[in-house]
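To keep things clear, I will list the structure first and then write my remarks on it.
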There are 2 protein chains.
Amino acid sequence: MAARLKRTPDGLVPAIAQQYDTGEVLMLGWMDDEALHRTLTTGRCTYWSRSRGEYWVKGDTSGHVQYVKSVALDCDGDTVLVKVDQVGAACHTGDRTCFDAGELPLGGPADGREDGPA
Amino acid sequence: MAARLKRTPDGLVPAIAQQYDTGEVLMLGWMDDEALHRTLTTGRCTYWSRSRGEYWVKGDTSGHVQYVKSVALDCDGDTVLVKVDQVGAACHTGDRTCFDAGELPLGGPADGREDGPA
């Protein structure tokens, strides 16, 4: 399986954590071979922390555990999708997901709109 | 906004495409600042192809367009979540999502199971 993984230059693949029943995208972490192995075999999501340079079992500090329901590689073997049952907040800010506070505005400059006022 | 982005060593951030109504995680692509700008301003998902080294408007070749519904950065500014309306298959294999065919087996070695046979 390790041979199927294609990694970024730092040897990692992105791992998407999704709440298994609601479909919420909770967060994105990073895994190397060992983190993926631990995730598959322990039932707990384990990531590699790029900032701390260490393995990180989600919830060990916060209590906000991710119980693994299923794991899939994508068609190119360079991304992992982990369906989990998330206890509490996935985000360290206390938000349910890491994307709750980050919505960006859509749309181009007003004068570029074909349907704008003359 | 560009200042908020934290990139991998190759200058990119992962972008998760999710079907806006069903919640399916469709695929993961990569964006640089310009791809994110085009995604926000054109209404069509635009990625950076790591293998081809060029921008790539999803659906331009396949017809399997992703119409952008919303875009959010995560709490650390290093991941993008794009909610889209996906036309047809998201995966180049013809599957609806890039994760449909890639499920991995869970569980450790059988002799490590506490609930296994004696």
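Note on naming: chains are A, B, ... as they come in the structure tokens, residues start from 1 per chain, ligands start from 1 in the order shown.
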
Chain B residues within 8 Å of chain A, counting only C-alpha atoms: which ones, as a PyMOL selection string?
-> chain B and resi 8-10+14+22-25+27-28+40-43+70-75+79+81+91+93+98-108

Using DSSP on the backbone, list every residue of chain A that comes out as helix (DSSP H, G or I), and give them as a PyMOL selection string.
-> chain A and resi 2-4+33-42+110-112

In Å, with one decimal, what is the gap from CA of Leu36 (chain B) to CA of Asp60 (chain B)?
->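 Straight-line distance from CA of Leu36 (chain B) to CA of Asp60 (chain B) works out to 16.9 Å.
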
Between CA of Gly11 (chain A) and CA of Gln86 (chain A), what is the spacing in Å?
->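 CA of Gly11 (chain A) lies 26.5 Å from CA of Gln86 (chain A).
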
A straight line from CA of Tyr20 (chain B) to CA of Tyr47 (chain B) spans 18.2 Å

Contact residues around Ser49 (chain B) with only C-alpha atoms at 9 Å, ignoring same-chain residues under 5 positions, as a list in words =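 Once the nearby chain positions are removed, what remains is Gly29, Trp30, Met31, Glu54, Tyr55 and Trp56 of chain B.
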